[in-house]
Structures are given as structure tokens and as C-alpha cells.
$ cat input-v2.txt   # compact mmCIF, C-alpha atoms
# COMPACT_ATOMS: atom_id res chain seq x y z
CA MET A 1 -1.18 -54.09 36.88
CA ARG A 2 -0.19 -57.04 39.08
CA ARG A 3 -1.07 -55.06 42.20
CA LEU A 4 -4.48 -54.21 40.71
CA VAL A 5 -5.18 -57.87 39.94
CA LYS A 6 -4.22 -58.86 43.47
CA ALA A 7 -6.25 -56.08 45.10
CA THR A 8 -9.40 -56.48 42.99
CA GLY A 9 -9.39 -60.16 42.11
CA ILE A 10 -10.24 -59.26 38.50
CA LYS A 11 -8.46 -60.85 35.57
CA GLN A 12 -5.66 -58.88 33.98
CA SER A 13 -7.29 -58.94 30.53
CA THR A 14 -10.51 -57.50 31.98
CA LEU A 15 -8.60 -54.76 33.80
CA ARG A 16 -6.73 -53.81 30.63
CA GLN A 17 -9.98 -53.59 28.70
CA TYR A 18 -11.48 -51.39 31.39
CA ILE A 19 -8.45 -49.09 31.63
CA ASN A 20 -8.18 -48.71 27.84
CA GLY A 21 -11.94 -48.17 27.51
CA ASN A 22 -14.08 -45.14 28.28
CA ASP A 23 -13.45 -43.86 31.77
CA PRO A 24 -15.82 -40.98 32.73
CA VAL A 25 -13.25 -39.45 35.08
CA GLN A 26 -10.52 -39.53 32.46
CA ASP A 27 -12.91 -38.07 29.87
CA VAL A 28 -13.64 -35.11 32.14
CA VAL A 29 -9.95 -34.56 32.87
CA LYS A 30 -9.09 -34.69 29.15
CA SER A 31 -11.89 -32.31 28.18
CA ILE A 32 -10.85 -29.79 30.85
CA HIS A 33 -7.22 -30.02 29.73
CA LYS A 34 -8.20 -29.59 26.07
CA ALA A 35 -10.34 -26.54 26.86
CA TYR A 36 -7.50 -25.05 28.92
CA VAL A 37 -4.96 -25.54 26.13
CA GLN A 38 -7.33 -24.04 23.54
CA LYS A 39 -7.93 -21.07 25.82
CA THR A 40 -4.28 -20.39 26.61
CA VAL A 41 -2.88 -20.86 23.08
CA SER A 42 -3.65 -17.63 21.26
CA LYS A 43 -2.93 -16.57 17.71
CA THR A 44 0.18 -14.55 16.98
CA GLN A 45 -0.67 -10.86 16.91
CA LYS A 46 0.55 -8.86 13.94
CA VAL A 47 2.07 -5.40 14.24
CA ASP A 48 2.17 -3.34 11.04
CA ASP A 49 4.93 -0.94 10.02
CA PHE A 50 3.18 2.12 11.42
CA ASP A 51 2.72 0.48 14.84
CA LYS A 52 6.39 -0.52 14.82
CA GLY A 53 7.27 3.14 14.37
CA VAL A 54 5.11 4.01 17.37
CA VAL A 55 6.89 1.33 19.45
CA ARG A 56 10.28 2.79 18.54
CA ARG A 57 9.24 6.35 19.37
CA THR A 58 7.69 5.21 22.67
CA ILE A 59 11.01 3.66 23.72
CA TYR A 60 12.78 6.91 22.79
CA ASP A 61 10.29 8.89 24.90
CA LEU A 62 10.95 6.65 27.91
CA HIS A 63 14.69 7.12 27.45
CA LYS A 64 14.29 10.92 27.29
CA LYS A 65 12.42 10.76 30.61
CA SER A 66 15.33 8.74 32.07
CA GLN A 67 13.02 5.80 32.69
CA SER A 68 14.11 2.19 32.38
CA VAL A 69 12.30 0.31 29.62
CA THR A 70 10.58 -2.91 30.67
CA MET A 71 8.08 -4.92 28.66
CA PRO A 72 5.14 -4.29 31.09
CA LYS A 73 5.89 -0.56 31.19
CA LEU A 74 6.18 -0.41 27.42
CA GLN A 75 2.92 -2.35 27.05
CA GLU A 76 1.08 0.14 29.29
CA ALA A 77 2.52 3.08 27.34
CA LEU A 78 1.37 1.52 24.06
CA LYS A 79 -2.15 0.93 25.40
CA LYS A 80 -2.45 4.68 25.98
CA LYS A 81 -1.71 5.08 22.25
CA ASP A 82 -4.45 2.58 21.26
CA ILE A 83 -2.02 -0.29 20.56
CA ASP A 84 -3.26 -3.19 22.69
CA ILE A 85 -0.89 -6.14 22.24
CA SER A 86 0.38 -8.90 24.51
CA ILE A 87 3.68 -8.90 26.38
CA SER A 88 5.10 -11.56 24.05
CA THR A 89 4.18 -9.46 20.98
CA VAL A 90 5.78 -6.38 22.56
CA SER A 91 8.97 -8.33 23.26
CA ARG A 92 9.07 -9.83 19.77
CA THR A 93 8.51 -6.43 18.13
CA VAL A 94 11.24 -4.79 20.20
CA HIS A 95 13.72 -7.46 19.09
CA LEU A 96 12.66 -7.13 15.44
CA LEU A 97 13.27 -3.37 15.60
CA GLY A 98 16.93 -3.99 16.52
CA PHE A 99 16.79 -3.34 20.27
CA ARG A 100 18.75 -5.56 22.65
CA PHE A 101 19.06 -6.09 26.40
CA TYR A 102 22.29 -4.82 27.95
CA LYS A 103 23.71 -4.65 31.46
CA ASN A 104 25.28 -1.58 33.01
CA ALA A 105 27.99 -1.48 35.67
CA SER A 106 25.50 -2.38 38.40
CA SER A 107 24.39 -5.47 36.39
CA ARG A 108 21.00 -3.92 35.78
CA ARG A 109 19.44 -4.94 32.49
CA PHE A 110 18.04 -2.29 30.16
CA VAL A 111 16.82 -1.99 26.57
CA SER A 112 19.04 -0.17 24.12
CA GLU A 113 19.24 0.05 20.35
CA ARG A 114 21.98 -1.71 18.45
CA GLU A 115 24.89 0.62 17.76
CA ASP A 116 25.13 -0.34 14.09
CA ILE A 117 21.45 0.59 13.58
CA VAL A 118 22.05 3.97 15.29
CA LEU A 119 25.08 4.58 13.05
CA MET A 120 23.15 3.77 9.86
CA ARG A 121 20.26 6.04 10.90
CA MET A 122 22.55 9.00 11.64
CA THR A 123 24.42 8.46 8.36
CA TYR A 124 21.13 8.44 6.44
CA LEU A 125 19.82 11.59 8.15
CA ARG A 126 23.03 13.51 7.49
CA LYS A 127 23.12 12.46 3.83
CA ILE A 128 19.51 13.35 3.07
CA HIS A 129 19.93 16.68 4.89
CA LYS A 130 22.96 17.40 2.69
CA PHE A 131 21.05 16.49 -0.50
CA ARG A 132 18.17 18.78 0.47
CA GLN A 133 20.56 21.66 1.11
CA GLN A 134 22.08 21.08 -2.33
CA GLY A 135 18.61 21.24 -3.91
CA ARG A 136 18.86 17.71 -5.33
CA HIS A 137 15.69 16.11 -6.71
CA ILE A 138 14.83 13.34 -4.21
CA VAL A 139 12.46 10.53 -5.21
CA TYR A 140 11.09 7.85 -2.89
CA LEU A 141 10.58 4.26 -4.05
CA ASP A 142 8.68 1.47 -2.33
CA GLU A 143 6.29 -1.47 -2.76
CA THR A 144 3.00 -2.30 -1.08
CA TRP A 145 0.09 -4.73 -1.45
CA LEU A 146 -3.67 -4.41 -1.86
CA ASN A 147 -6.46 -7.00 -1.79
CA THR A 148 -9.30 -6.86 -4.32
CA ASN A 149 -11.87 -7.27 -1.51
CA HIS A 150 -10.38 -4.42 0.53
CA VAL A 151 -13.33 -2.45 1.95
CA VAL A 152 -14.09 -0.52 5.12
CA LYS A 153 -14.56 -2.79 8.13
CA GLY A 154 -17.75 -1.17 9.44
CA ASP A 155 -20.96 -0.40 7.59
CA TRP A 156 -24.59 0.60 8.33
CA LEU A 157 -27.10 -2.14 7.54
CA ASP A 158 -30.77 -2.88 8.04
CA VAL A 159 -31.09 -5.74 10.53
CA PRO A 160 -33.78 -8.36 9.72
CA SER A 161 -36.73 -8.23 12.11
CA THR A 162 -40.05 -10.00 12.62
CA SER A 163 -43.11 -7.91 13.48
CA MET A 164 -46.23 -9.23 15.26
CA SER A 165 -48.26 -6.21 14.19
CA VAL A 166 -50.56 -6.27 11.17
CA PHE A 167 -49.66 -2.64 10.48
CA GLU A 168 -45.88 -3.20 10.37
CA PRO A 169 -44.54 -5.59 7.71
CA HIS A 170 -41.65 -7.97 8.24
CA CYS A 171 -38.20 -6.55 7.47
CA LYS A 172 -35.90 -8.84 5.49
CA GLY A 173 -32.92 -6.55 6.05
CA THR A 174 -30.45 -5.27 3.52
CA HIS A 175 -26.69 -4.85 3.39
CA ARG A 176 -23.87 -4.50 0.93
CA LYS A 177 -22.69 -7.77 -0.56
CA VAL A 178 -18.95 -8.29 -0.18
CA PRO A 179 -17.27 -11.48 -1.43
CA SER A 180 -15.89 -13.75 1.26
CA GLY A 181 -12.16 -13.82 1.84
CA LYS A 182 -9.58 -11.18 1.02
CA GLY A 183 -9.62 -11.76 -2.71
CA THR A 184 -6.66 -11.56 -5.04
CA ARG A 185 -3.61 -9.78 -3.68
CA LEU A 186 -2.08 -7.13 -5.93
CA ILE A 187 1.52 -5.99 -5.58
CA ILE A 188 2.14 -2.29 -6.29
CA LEU A 189 5.50 -0.67 -7.03
CA ASP A 190 5.79 3.07 -7.57
CA VAL A 191 8.02 6.09 -7.04
CA GLY A 192 7.32 9.76 -6.33
CA SER A 193 8.69 13.07 -5.12
CA SER A 194 7.44 16.25 -3.47
CA GLN A 195 7.75 18.11 -6.79
CA GLN A 196 5.89 15.62 -9.01
CA GLY A 197 3.85 13.41 -6.70
CA LEU A 198 3.84 9.88 -8.09
CA ILE A 199 5.83 10.05 -11.30
CA PRO A 200 3.50 9.32 -14.27
CA GLY A 201 4.17 6.11 -16.14
CA CYS A 202 6.33 4.49 -13.45
CA GLY A 203 3.69 2.51 -11.56
CA LEU A 204 3.89 -1.27 -11.75
CA ILE A 205 1.03 -3.49 -10.56
CA PHE A 206 0.81 -7.27 -10.84
CA GLU A 207 -1.10 -10.14 -9.29
CA SER A 208 0.36 -12.23 -6.48
CA LYS A 209 1.05 -15.85 -7.38
CA THR A 210 2.03 -17.25 -3.97
CA ASN A 211 0.48 -17.55 -0.51
CA SER A 212 3.45 -15.98 1.26
CA SER A 213 2.57 -13.56 4.06
CA ASP A 214 5.43 -11.24 3.01
CA TYR A 215 4.67 -9.35 -0.20
CA HIS A 216 8.42 -8.83 -0.73
CA ASP A 217 8.62 -12.49 -1.77
CA GLU A 218 6.63 -11.65 -4.92
CA MET A 219 9.36 -9.47 -6.43
CA ASN A 220 12.73 -10.77 -7.63
CA LYS A 221 15.92 -9.02 -8.64
CA GLU A 222 15.47 -9.68 -12.38
CA HIS A 223 12.02 -8.05 -12.57
CA PHE A 224 13.03 -5.14 -10.35
CA THR A 225 16.24 -4.48 -12.28
CA GLU A 226 14.36 -4.52 -15.59
CA TRP A 227 11.73 -2.08 -14.27
CA PHE A 228 14.42 0.15 -12.73
CA ARG A 229 16.49 0.30 -15.94
CA ASP A 230 13.77 0.50 -18.59
CA THR A 231 10.92 2.33 -16.84
CA LEU A 232 12.23 4.44 -13.95
CA ILE A 233 15.60 5.82 -15.07
CA PRO A 234 14.36 7.38 -18.36
CA LYS A 235 11.72 9.35 -16.43
CA LEU A 236 13.96 10.76 -13.68
CA PRO A 237 15.23 14.36 -13.70
CA PRO A 238 19.03 14.73 -13.93
CA GLN A 239 21.10 14.00 -10.80
CA SER A 240 18.22 12.55 -8.81
CA VAL A 241 18.58 10.85 -5.42
CA ILE A 242 16.57 7.61 -5.19
CA VAL A 243 15.55 6.61 -1.66
CA MET A 244 14.66 2.93 -1.11
CA ASP A 245 14.77 0.32 1.63
CA ASN A 246 17.08 -2.69 2.03
CA ALA A 247 14.91 -5.34 0.38
CA PRO A 248 17.09 -8.15 -1.07
CA TYR A 249 16.15 -7.36 -4.68
CA HIS A 250 17.14 -3.71 -4.10
CA SER A 251 20.65 -4.70 -3.01
CA HIS A 252 21.83 -7.66 -5.09
CA LEU A 253 25.59 -7.68 -5.47
CA ASP A 254 27.58 -7.36 -8.64
CA PRO A 255 29.12 -10.82 -9.38
CA ASP A 256 32.65 -9.35 -9.24
CA SER A 257 32.13 -8.06 -5.70
CA ARG A 258 30.87 -11.33 -4.24
CA VAL A 259 33.21 -12.87 -1.66
CA PRO A 260 33.30 -16.35 -0.08
CA ASN A 261 31.48 -16.90 3.19
CA THR A 262 31.14 -19.64 5.80
CA ASN A 263 29.02 -21.68 3.38
CA SER A 264 31.86 -21.77 0.83
CA ASN A 265 34.23 -24.72 0.78
CA LYS A 266 37.99 -24.40 1.09
CA SER A 267 38.66 -24.72 -2.64
CA GLU A 268 36.26 -21.83 -3.44
CA ILE A 269 37.94 -19.64 -0.83
CA SER A 270 41.39 -20.49 -2.22
CA ALA A 271 40.27 -19.72 -5.77
CA TRP A 272 39.00 -16.29 -4.70
CA LEU A 273 42.25 -15.49 -2.89
CA GLU A 274 44.29 -16.45 -5.95
CA LYS A 275 42.03 -14.37 -8.21
CA SER A 276 42.45 -11.39 -5.87
CA ASN A 277 46.28 -11.88 -5.75
CA VAL A 278 46.25 -12.51 -1.99
CA HIS A 279 49.13 -14.61 -0.71
CA TYR A 280 48.17 -17.50 1.59
CA ASP A 281 49.60 -20.74 2.90
CA LYS A 282 47.93 -23.86 1.54
CA LYS A 283 48.22 -25.42 5.01
CA MET A 284 45.88 -22.78 6.46
CA LYS A 285 42.58 -23.86 7.94
CA LYS A 286 39.26 -22.65 6.54
CA THR A 287 38.79 -20.16 9.41
CA GLU A 288 42.20 -18.63 8.67
CA LEU A 289 41.36 -18.30 4.98
CA LEU A 290 38.05 -16.61 5.81
CA ASP A 291 39.92 -14.16 8.03
CA LEU A 292 42.13 -13.28 5.04
CA VAL A 293 39.00 -12.79 2.91
CA LYS A 294 37.57 -10.48 5.56
CA GLN A 295 40.74 -8.38 5.53
CA LYS A 296 41.03 -8.15 1.74
CA LYS A 297 37.41 -8.08 0.58
CA PRO A 298 36.45 -5.05 -1.55
CA GLN A 299 33.62 -2.66 -0.88
CA PRO A 300 30.29 -4.20 -1.97
CA ARG A 301 28.99 -3.01 -5.34
CA TYR A 302 25.30 -3.28 -6.10
CA ILE A 303 23.89 -3.62 -9.60
CA ILE A 304 21.15 -1.06 -8.92
CA ASP A 305 23.73 1.45 -7.65
CA ASP A 306 25.85 0.96 -10.78
CA LEU A 307 22.81 1.50 -13.03
CA ALA A 308 21.93 4.69 -11.18
CA SER A 309 25.46 6.14 -11.13
CA ALA A 310 25.93 5.35 -14.85
CA ASN A 311 22.96 7.66 -15.53
CA GLY A 312 24.04 10.40 -13.11
CA HIS A 313 21.80 9.40 -10.19
CA GLU A 314 22.53 8.27 -6.63
CA ILE A 315 20.97 5.61 -4.37
CA LEU A 316 20.25 6.30 -0.70
CA ARG A 317 18.99 3.40 1.42
CA THR A 318 16.95 3.85 4.57
CA PRO A 319 18.35 2.12 7.68
CA PRO A 320 16.85 -1.25 8.66
CA TYR A 321 13.51 -1.17 10.56
CA HIS A 322 12.91 2.51 9.67
CA CYS A 323 10.06 2.49 7.17
CA GLU A 324 8.81 5.78 8.68
CA LEU A 325 11.77 7.56 7.05
CA ASN A 326 10.28 6.88 3.62
CA PRO A 327 7.32 9.28 3.21
CA ILE A 328 5.78 7.24 0.38
CA GLU A 329 4.41 5.03 3.19
CA MET A 330 1.91 7.84 3.83
CA VAL A 331 0.82 7.62 0.19
CA TRP A 332 0.16 3.89 0.61
CA SER A 333 -1.92 4.64 3.69
CA TYR A 334 -4.02 7.18 1.78
CA LEU A 335 -4.32 4.80 -1.19
CA LYS A 336 -5.65 1.92 0.92
CA GLY A 337 -8.11 4.23 2.66
CA TYR A 338 -9.36 5.54 -0.68
CA VAL A 339 -9.80 2.00 -2.02
CA ALA A 340 -11.68 0.89 1.10
CA ARG A 341 -14.15 3.80 0.76
CA HIS A 342 -14.74 3.51 -3.01
CA ASN A 343 -14.35 -0.21 -3.73
CA SER A 344 -17.87 -1.13 -4.84
CA SER A 345 -17.23 -3.91 -7.36
CA CYS A 346 -14.30 -5.85 -5.81
CA ARG A 347 -13.15 -6.57 -9.37
CA LYS A 348 -9.60 -5.75 -10.31
CA LYS A 349 -10.29 -5.57 -14.07
CA ARG A 350 -12.93 -2.84 -13.65
CA TYR A 351 -11.56 -0.89 -10.73
CA TYR A 352 -7.84 -1.14 -9.98
CA PRO A 353 -6.48 0.07 -13.33
CA ALA A 354 -7.93 3.47 -12.41
CA PHE A 355 -5.19 4.02 -9.82
CA PHE A 356 -2.44 4.21 -12.39
CA GLY A 357 -4.64 5.96 -14.92
CA GLY A 358 -4.63 9.10 -12.77
CA GLN A 359 -8.16 8.81 -11.35
CA VAL A 360 -7.03 8.40 -7.73
CA PRO A 361 -6.31 11.80 -6.13
CA TYR A 362 -2.89 11.08 -4.59
CA ARG A 363 -1.68 13.67 -2.12
CA CYS A 364 1.68 14.90 -3.32
CA GLY A 365 2.25 16.79 -0.06
CA ALA A 366 2.88 13.49 1.76
CA LEU A 367 6.20 13.23 -0.11
CA GLY A 368 7.46 16.60 1.03
$ encode --input "input-v2.txt" --output "C-alpha cells"
Amino acid sequence: MRRLVKATGIKQSTLRQYINGNDPVQDVVKSIHKAYVQKTVSKTQKVDDFDKGVVRRTIYDLHKKSQSVTMPKLQEALKKKDIDISISTVSRTVHLLGFRFYKNASSRRFVSEREDIVLMRMTYLRKIHKFRQQGRHIVYLDETWLNTNHVVKGDWLDVPSTSMSVFEPHCKGTHRKVPSGKGTRLIILDVGSSQQGLIPGCGLIFESKTNSSDYHDEMNKEHFTEWFRDTLIPKLPPQSVIVMDNAPYHSHLDPDSRVPNTNSNKSEISAWLEKSNVHYDKKMKKTELLDLVKQKKPQPRYIIDDLASANGHEILRTPPYHCELNPIEMVWSYLKGYVARHNSSCRKKRYYPAFFGGQVPYRCGALG
């Protein structure tokens, strides 16, 4: 500022007023920068469960061809399958599916699936193959969501036009009136099998009360346990196998099988060790006590599993990130397509109760 005063001969207060005021050059620079930022910052792209399955299978195909998996190569392969997403979305999806970067002996990085995910998938496939050979009745359980304003995206309409001819009248245009927004979100829980289709009387549908983007947040362990015990179990054939995913409310632990973790304080860890008759030195540090807990902790027991086994049934959970292994996902796809084609009122009180009243022609073959 002092150099400017000396060079221009203008008072410092005047210079400050000029610099802090409207400068045309600075305005242009700021507007260009703002437009550039708005152009470069894009919205996060969403990838649904079916597209995630395609991403996983595409990586497997590249591995079978002995090709290294890179994000640009994977993006090009997905574009050929009509999945056009950015590099950042591809990378984020690959990480969410349980894949990680590893280095081989030559320090070359490559994409490979986590070994624990591979182990859980192979265990699941062997178990369900065994149950099918035994002729066990297998039912598939899952949740989904549906908006009351869910309609087909495209539609034929009469475009308004103005005619200059006395023989051709003006056209005001006509189209179907659809309420703005997505409408109320409905959460649907149901179970089915290849023998019965969706089991009658088991469907549960309720209205969403939160704005969470994940519909799993709408269900809690108390409501699910009550529905599982009072509605589902009485309607299952003897010795059924119930397939479900790893949602938190599907796998809540029995209080007796809970063990201390890193969030527990030292007194809580000591109390658990004494209750479990595990000898320890009171001078041990917290990390040493947690190591003892890790060595002596029992196998986890889930309340849902106990309810099922008490009634002669068995729970089989799909591995993480493998929704495609639950065929009821195909039923949800058909359901949403049917709603989109036939939703004329967009009113849940007049239309949606029909789905659990048997009016929707579910395809039982999807659960085979």
C-alpha cells in the first residue's frame, strides 16, 4: 500500500476505497472462476445394486482374460454395457464392493477381491447347494422401497402449437398430470420361495418417516424381530432355510454373546473377563485385556438365528456386497416396473394396498 501511495500520489484512504470497491477486472476474474468451479464440480453419481453386480462380473471377466484391471479400462468395459459413469464413481464402486489394490512381486499394482469376501461367498454357495440337494424348502427375504409418484420416465404427449391458418385451430396440448416430486416413500418387506412365490400374509408395508437416502434406516431390530416371530415363522413350512442379507437389524447379537470392544473402558473389560472366568492380571493394559477378550470370546449368537432354530428353521446370510445372490431382487425389479406402468392415481390409499391383496401378478419363477 505504501508503494502504491508513493507511485501514484493518491491518498491511502482513497486507494483502499478503490481496491475494496468494484473493480471490473476483478469482477471478470471472479465470474470466470465461479463458472469454472460450477462446471467442474459435478453431482455424485449413484450406482444401484444391479449395476454393482455388473461391475463385479466385469472385473471377473477381465481376470479370466488375464488382463490387468485399471479404472479407465473398467470404465470403457462398463460403457459397452450401457453403464456410463465417471472414473471417480467407478473407483468408489470398486472399493464399496470389497476390492482392493495389491502389489505383486514386481511391485505392479492390481485390483483383487478381499480374501474374506471370497471365503464368505464360497461358504454361502456350498451351503445353499447342499440345502438344494437335500430338498430343503428355501425362502428368500428382503426389503425394498417404492415412491407413490413412481411412473415411467417417458410418455407420448401432444405438444402445444400455434397455427396461422384459419382452417387449423390452435392446439393447447395434452399430457398426463403427474404430481411434482417423488411423493411418499413406502418401505416393503416380504419373503418368497420358488414353490409358493411370495408367501401370502407375510408382506409388510409402511410409510417412511425420515429423509434418509438409505431405506434400511427405516427398519429397526425391534420391529423386524416382532414381524419375524409373529408373522413369518408361523407361515413357514417345516425345516425351512431363510436367506437374508447382513443388514444390522437382521444380525443383532444376543446380549449374552456381546463382548467388549475398543470403545469399552477398562472396568467393563475386566467385568466381562471375571464373568467369563478368564484369569488376568489387574496390572495389564487395556490392549492386553482386549487381546484376552479376543482369545476367549464365544461364537456370536444372533436373536433371529435363535428364533429360527427354536422353530426348526435355519438362517443363511448372503455375503456382503452380493445382492445378486438373493433372487427376490428380481421380484422387486418386476414390481417397480409394474407400478410404473399402471400407477395412474399416485395415491397410496387407493393403489398400493392392491400389491399385498394379490392383484399384482408376481412372477414366482424369479425365485427359482
$ atom_distance --input "input-v2.txt" --atom1 "CA of Val178 in chain A" --atom2 "CA of Cys346 in chain A"
7.7 Å
$ residues_around --input "input-v2.txt" --residues "Leu289 in chain A" --least-positions-apart "4" --cutoff "12 Å" --atoms "only C-alpha atoms" --output "list in words"
Val259, Pro260, Asn261, Thr262, Ser264, Asn265, Lys266, Ser267, Glu268, Ile269, Ser270, Ala271, Trp272, Leu273, Glu274, Val278, His279, Tyr280, Asp281, Lys282, Lys283, Met284, Lys285, Val293, Lys294, Gln295, Lys296 and Lys297 of chain A
$ atom_distance --input "input-v2.txt" --atom1 "CA of Val54 in chain A" --atom2 "CA of Leu74 in chain A"
11.0 Å
$ closest_residue --input "input-v2.txt" --among "A:Asp51, A:Lys46, A:Glu113, A:Asp254" --to "His63 in chain A" --atoms "all atoms listed in the file"
A:Glu113
$ atom_distance --input "input-v2.txt" --atom1 "CA of Val339 in chain A" --atom2 "CA of Ile242 in chain A"
27.1 Å
$ closest_residue --input "input-v2.txt" --among "A:Lys130, A:Lys336, A:Arg100, A:Lys286" --to "Ile117 in chain A" --atoms "all atoms listed in the file"
A:Arg100
$ residues_around --input "input-v2.txt" --residues "Ile199 in chain A" --least-positions-apart "4" --cutoff "8 Å" --atoms "all atoms listed in the file" --output "list in words"
Asp190, Val191, Gly192, Ser193, Gly203 and Lys235 of chain A
$ closest_residue --input "input-v2.txt" --among "A:Gly9, A:Gln299, A:Glu222, A:Gln239" --to "Asp256 in chain A" --atoms "all atoms listed in the file"
A:Gln299
$ closest_residue --input "input-v2.txt" --among "A:Thr231, A:Ser88, A:Thr184, A:Ser333" --to "Glu207 in chain A" --atoms "all atoms listed in the file"
A:Thr184
$ closest_residue --input "input-v2.txt" --among "A:Cys202, A:Val94, A:Met122, A:Val243" --to "Ile59 in chain A" --atoms "all atoms listed in the file"
A:Val94
$ closest_residue --input "input-v2.txt" --among "A:Phe50, A:Leu307, A:Thr123, A:Thr14" --to "Met330 in chain A" --atoms "only C-alpha atoms"
A:Phe50
$ residues_around --input "input-v2.txt" --residues "Asn311 in chain A" --least-positions-apart "4" --cutoff "12 Å" --atoms "all atoms listed in the file" --output "list in words"
Phe228, Arg229, Leu232, Ile233, Pro234, Lys235, Leu236, Pro237, Pro238, Gln239, Ser240, Val241, Ile304, Asp305, Asp306, Leu307 and Ile315 of chain A
$ residues_around --input "input-v2.txt" --residues "Met120 in chain A" --least-positions-apart "3" --cutoff "12 Å" --atoms "all atoms listed in the file" --output "PyMOL selection string"
chain A and resi 98+113-117+123-127+246+316-322
